[in-house]
Protein chains: 2
Amino acid sequence: MWEHFFEPRSVAVVGASRNEKKLGYLVVEKLVEAHFEGEIYPINPKLAGKTLLGRKAYARLTEVPGKIDLVVVVIPRDFVLPIIEDCGSKGARSVVIISAGFKEVGEEGAHLEDKILKVARKWGISIIGPNCLGIINAHWNLNASFAPSAPSRGNIAFFSQSGALGTAILDRLRKEGVGISKFISLGNKMDIDEVDVLEMLKDDDETRVILGYLESVGRGRDFMQIAKVTAQAKPLIIIKSGRGEKGKKAASSHTGSLAGQDEAYEVAFRQSGVLRARSFGEALGMIKAFSCQPLMQGNRVALLTNAGGSGILATDACEESSLKVASLGDETKKKLQEKLPAHVSLSNPVDILGDATADRYQLATREILADQGVNGLLVLLAPQAATDPLTVAEVLAREAGTAKPILACFMGYDKVKDAVDLLQSSGIPNYEDPEYAVTALEGMYRYGEWKKRPPGVVKEFGVDDGAVQKILDTSKERGYLEIGGFDALKVIEACGIPVVKSYLARDEEDAVRIGELLEAPLVMKVESPQILHKSEVGGVKVGINKEEITSCFRDMLQRVGKIVGKDSIRGILIQPMVGDGKEVLIGISHDDVFGHMVRFGLGGKYVEVYKDTSVRVAPLTSEEAKEMIDETKYISKLLRGARGEAASDIALVEELLLRLSHLTTHFPQIKEVEANPLVVWKEGGVAIDARLRFQQAERSSYGSP
Amino acid sequence: MWEHFFEPRSVAVVGASRNEKKLGYLVVEKLVEAHFEGEIYPINPKLAGKTLLGRKAYARLTEVPGKIDLVVVVIPRDFVLPIIEDCGSKGARSVVIISAGFKEVGEEGAHLEDKILKVARKWGISIIGPNCLGIINAHWNLNASFAPSAPSRGNIAFFSQSGALGTAILDRLRKEGVGISKFISLGNKMDIDEVDVLEMLKDDDETRVILGYLESVGRGRDFMQIAKVTAQAKPLIIIKSGRGEKGKKAASSHTGSLAGQDEAYEVAFRQSGVLRARSFGEALGMIKAFSCQPLMQGNRVALLTNAGGSGILATDACEESSLKVASLGDETKKKLQEKLPAHVSLSNPVDILGDATADRYQLATREILADQGVNGLLVLLAPQAATDPLTVAEVLAREAGTAKPILACFMGYDKVKDAVDLLQSSGIPNYEDPEYAVTALEGMYRYGEWKKRPPGVVKEFGVDDGAVQKILDTSKERGYLEIGGFDALKVIEACGIPVVKSYLARDEEDAVRIGELLEAPLVMKVESPQILHKSEVGGVKVGINKEEITSCFRDMLQRVGKIVGKDSIRGILIQPMVGDGKEVLIGISHDDVFGHMVRFGLGGKYVEVYKDTSVRVAPLTSEEAKEMIDETKYISKLLRGARGEAASDIALVEELLLRLSHLTTHFPQIKEVEANPLVVWKEGGVAIDARLRFQQAERSSYGSP
């Protein structure tokens, strides 16, 4: 199938036209211009018997004498369906539908897509599009698109959910001298989507780096799986737009797809080794580096400059990234000291001064690259009287080719133009500003780290399935899909999370009896499926002595009953007070695209104020559980012991995250769980409160069918 | 003085040379190339009687027959001093020293600077440099520099502390078609610094926007004062590098100056209306917008696009800035609906579809600009078959010129090149990526807001000067410049900050007597100038009943005494327990460059974990005190009442910040104060603990001499 798309021997263009303004003309023109070596068949009843750009035209696909590998469709949407039937009878199995007016304009268009897909499935036809720009294989002289710029041949594959942005990016790639291998405009992804495309590109020998622009992912879990495999083979950089709420809305309305939460994309990408770029500029910076330089094997960067100012800007950028400005080894310093002028600064950035010659650059480059404490080098140059940029570029081209990446930041324009051209043609990417160079190096470092990390292990835990199922069933019978307090604590207890001793008192006598079982002071909390925030309705009282139980029970029932109605109160939950510890939150949520996610964070009353949480797509590996804790800004520090305090039981928290993650494997119908606060001590900990939401359907709704 | 620098009738170049590689040649060449209309005098004993580039050379300055307005010095540093004497006798009062080898290379160089400055002062000579690139006045055909690119004439003034970076930036400005008015390379700022330069540029008619690159500011308070006045007149954009610790160190070692804390620069710039750019790319984006477009009068931006993807990227960028993606008014929507095709998206971004024509752009632009809810417009375009970029550019050029800014983001390269040229020559800046356009719009908005805000009022408060002085004196006598607990509370009480009732018990009897005066439960804290964190040595006990006072006193004295020595313990501080409230921190610190700063933040034990603070250069206006509270991420929310709680006494916090700020006016020798925790209730609040650091010198050490 992919061969017919990307290495076809013959291409038919349905809707070919002699009108130079029409896409039907442009597509044929691009095919011809790219020197496509196979047959080109313009298809259009009006052109039957005539030629278009020297190629014989046919009225219908079925009239073409030879075999057709690839069909490109550029006719109005209402005529597409019969063409797919024609493709079927003619034996063409790879179709690109450029035509628009489908899902992106509303229901009617979506309906039409369904019909077309049905016919395609019948014949075993694969479709790229509709509403797309087409496809390109620069290594096959194939430009089956109406992209205005034919990019040069190179090793970057690029797929884009937005055709127009695709055009702009192809144009920019040309400007930067970055060549491509394949380009795929995904359009509405009626059939072939990003998952299929990655499946193909991961093994594509002509592709060294993959760039994608996405507004949504359709099959979250499949995407993660294929992205992981792909990223093991080559860097995968994706610009995923629609980050904020408005952007997400704009993306949804643009593509007509469910967009999912940005936070989920962020971590799903990270877990899968995808490098997310925030802008095309950032992506371009990474592409340039990945396409020709080795990876960073650590995070220590050396900076070499002839201008203090540029060195400082680069240092700033490093300090705001995960990179470290490397300290040169004593050996290196000694050698540089011997050979360079006295005022040269050997602390990093290495400043070889305003009168730096190419010799000085060469010497420093060589020594720095040989330093074991350096994982990569950024060479900065500002045009100055004594420094000839071109000679420096020549020198760097000679010194490059070690196992460490060299990036350049020759600043300016006219004065460095020739040097920059030489650098880039020698495989040393140049950046106008140090920031983008540092972002590229950081991408190389992060990608290298991801590749090196051991494959995670998802541990199995015992879950008391019966207990959980019973609670879910009972709750469903009662008509509630949300469970709080008592029952929610029972569910998490069933998957091995320690919870504080909790008894539900139905009446005053019950309460007094329970009081006897527990050590005072006590906590009493109203139990009602209708109350989300108990403390806000006066439904929580702490520090209760045994004598106060009866009056407290009565008061609470009355006060809260007035607000939510006595009938909806199931009773009063009674617990002992729990000793001081750190309050954390552990939970599960569900994303439309990626499914179950595990969350960890600072717990307690002010969760929404601090928003100090981290998240991962479930199921969680032990390494990911550790990362989640480390990633939080505050609670990780508090757990490790701030202000001379002893550390809390972090190992327990890790295990409980894994246990909670595991619960979703047993009970995919559980959509949300939150244990908060979970009080963690030096050793051990207990959940004090919990809530849970589930849905009726027993099967998970995400992933592939 | 400035006239002689920037509008000289005659320029002498000391160190002029026939060697084309030497700066002494380059400087004369640049002067000639720029068509300087006045006299040019090459000075060099070796050239005496000869000519250089057609200009008669002289052995010495004093031999030049005519008057010399400007002297440019490009000789080795050791020969500079006598030249300044020559300038003096010859009556030249404006000197640019390009020569390097001064403060930037160490003590000897700094010493030489001092000597030169002394001679200059004697003669009333002003000096730019040394170790600089020179100066340019494009409107006077004056290029007294060795900057390799002669920039075109325009309205941007640019000063730079880094010569090399200056060169690179001038080169880039040329590329972007941005013309300059004046360029000043500050070099080592031996005499003329950024404060002087702003003094001149603020009134310079040919300058509409000022760009600066700085690694340090010498006179913090003077800088703030002149920056405020300048920013009232025109936008002032500064790239201040050395943001992190390593960057700061690199900046210090590069310029040999004290760099100050980055946080101080950040707020000092903000308080003065300076727009800080993080990179040259960001600065360039702002310059382009400011130089030709009106300001944003609010933060609501409309986005108009022919490509959904670009619109989403722009929306993302807006959402991550302080801008809002505007909602169009019903009236506007109605008009657009009538005139545009059915599938056009009228929610913002306004997507006029892939087949958008220039007419559609025109119509939408006009209606959107007329919408009262829109403060600015970003027009996005991706090259597509039906959209002719050049015609769209023409249309935009016609529609621009209202009171609202229009920025463009025509993406791509070849396909939009002509359109971009037309846009920029019509005063509509274009950006390659939406991000920089949004940053520019945000800069315009922030600057507009700053200009509109009322001049702040610094309130005066009574301070019990006698009480404070006495405590400082006593402490100094005891040999301590740090004061904690009891005395520190007394100091802040003297400036009107409510503090909890606190008594110092010297012995057990004292303690019991004090116990009688207070309501239990009590708090007891060890009082010792040697203990910074009392709780970490077991020096704090809370919830003490009256019966426990004696034993607690004895225990604490013994336990802590073992650690710090009994003699250094002044006694035990006894306070009543304070009712629940929000714990904040208010404080004063001192920055090397900007002097006293006021700090506000989340208080309590975990200040260092949360780091939720805001800061301002003192003295504080009431508006700034409000801003400080709003700016914090968490404590502002807690004070306003989170989770249904009542709001705390924010007005009190504002007042206390002002009072603390005022303390620094009375006692500049106080370098640091911190009241933490200050417990704030619904009404009122009290400081529980405090500490203070002062220095012997009675006078403030920052600012101008």
# chains A, B, ... in the order shown; residues from 1 in each chain; ligands from 1

call {"tool": "interface_residues", "arguments": {"of": "chain B", "to": "chain A", "cutoff": "7 Å", "atoms": "only C-alpha atoms", "output": "ChimeraX atom specification"}}
result
/B:105,162,164-165,167-169,171-172,175,241-244,246-247,250-251,254,307-310,312-313,315-316,319,343,382-384,411-414,536,609-610,634,637,644

call {"tool": "residues_around", "arguments": {"residues": "Leu53 of chain A", "least_positions_apart": "2", "cutoff": "10 Å", "atoms": "only C-alpha atoms", "output": "list in words"}}
result
Arg18, Tyr25, Val28, Glu29, Val32, Ile40, Pro42, Thr51, Arg55, Lys56 and Ala57 of chain A

call {"tool": "atom_distance", "arguments": {"atom1": "atom CA of Pro454 of chain A", "atom2": "atom CA of Glu623 of chain A"}}
result
9.0 Å

call {"tool": "closest_residue", "arguments": {"among": "B:Lys470, B:Lys103, B:Lys333, B:Lys525", "to": "Ser502 of chain B", "atoms": "only C-alpha atoms"}}
result
B:Lys525

call {"tool": "closest_residue", "arguments": {"among": "B:Asp193, B:Gly484, B:Ala92, B:Leu620", "to": "Ala268 of chain B", "atoms": "only C-alpha atoms"}}
result
B:Leu620
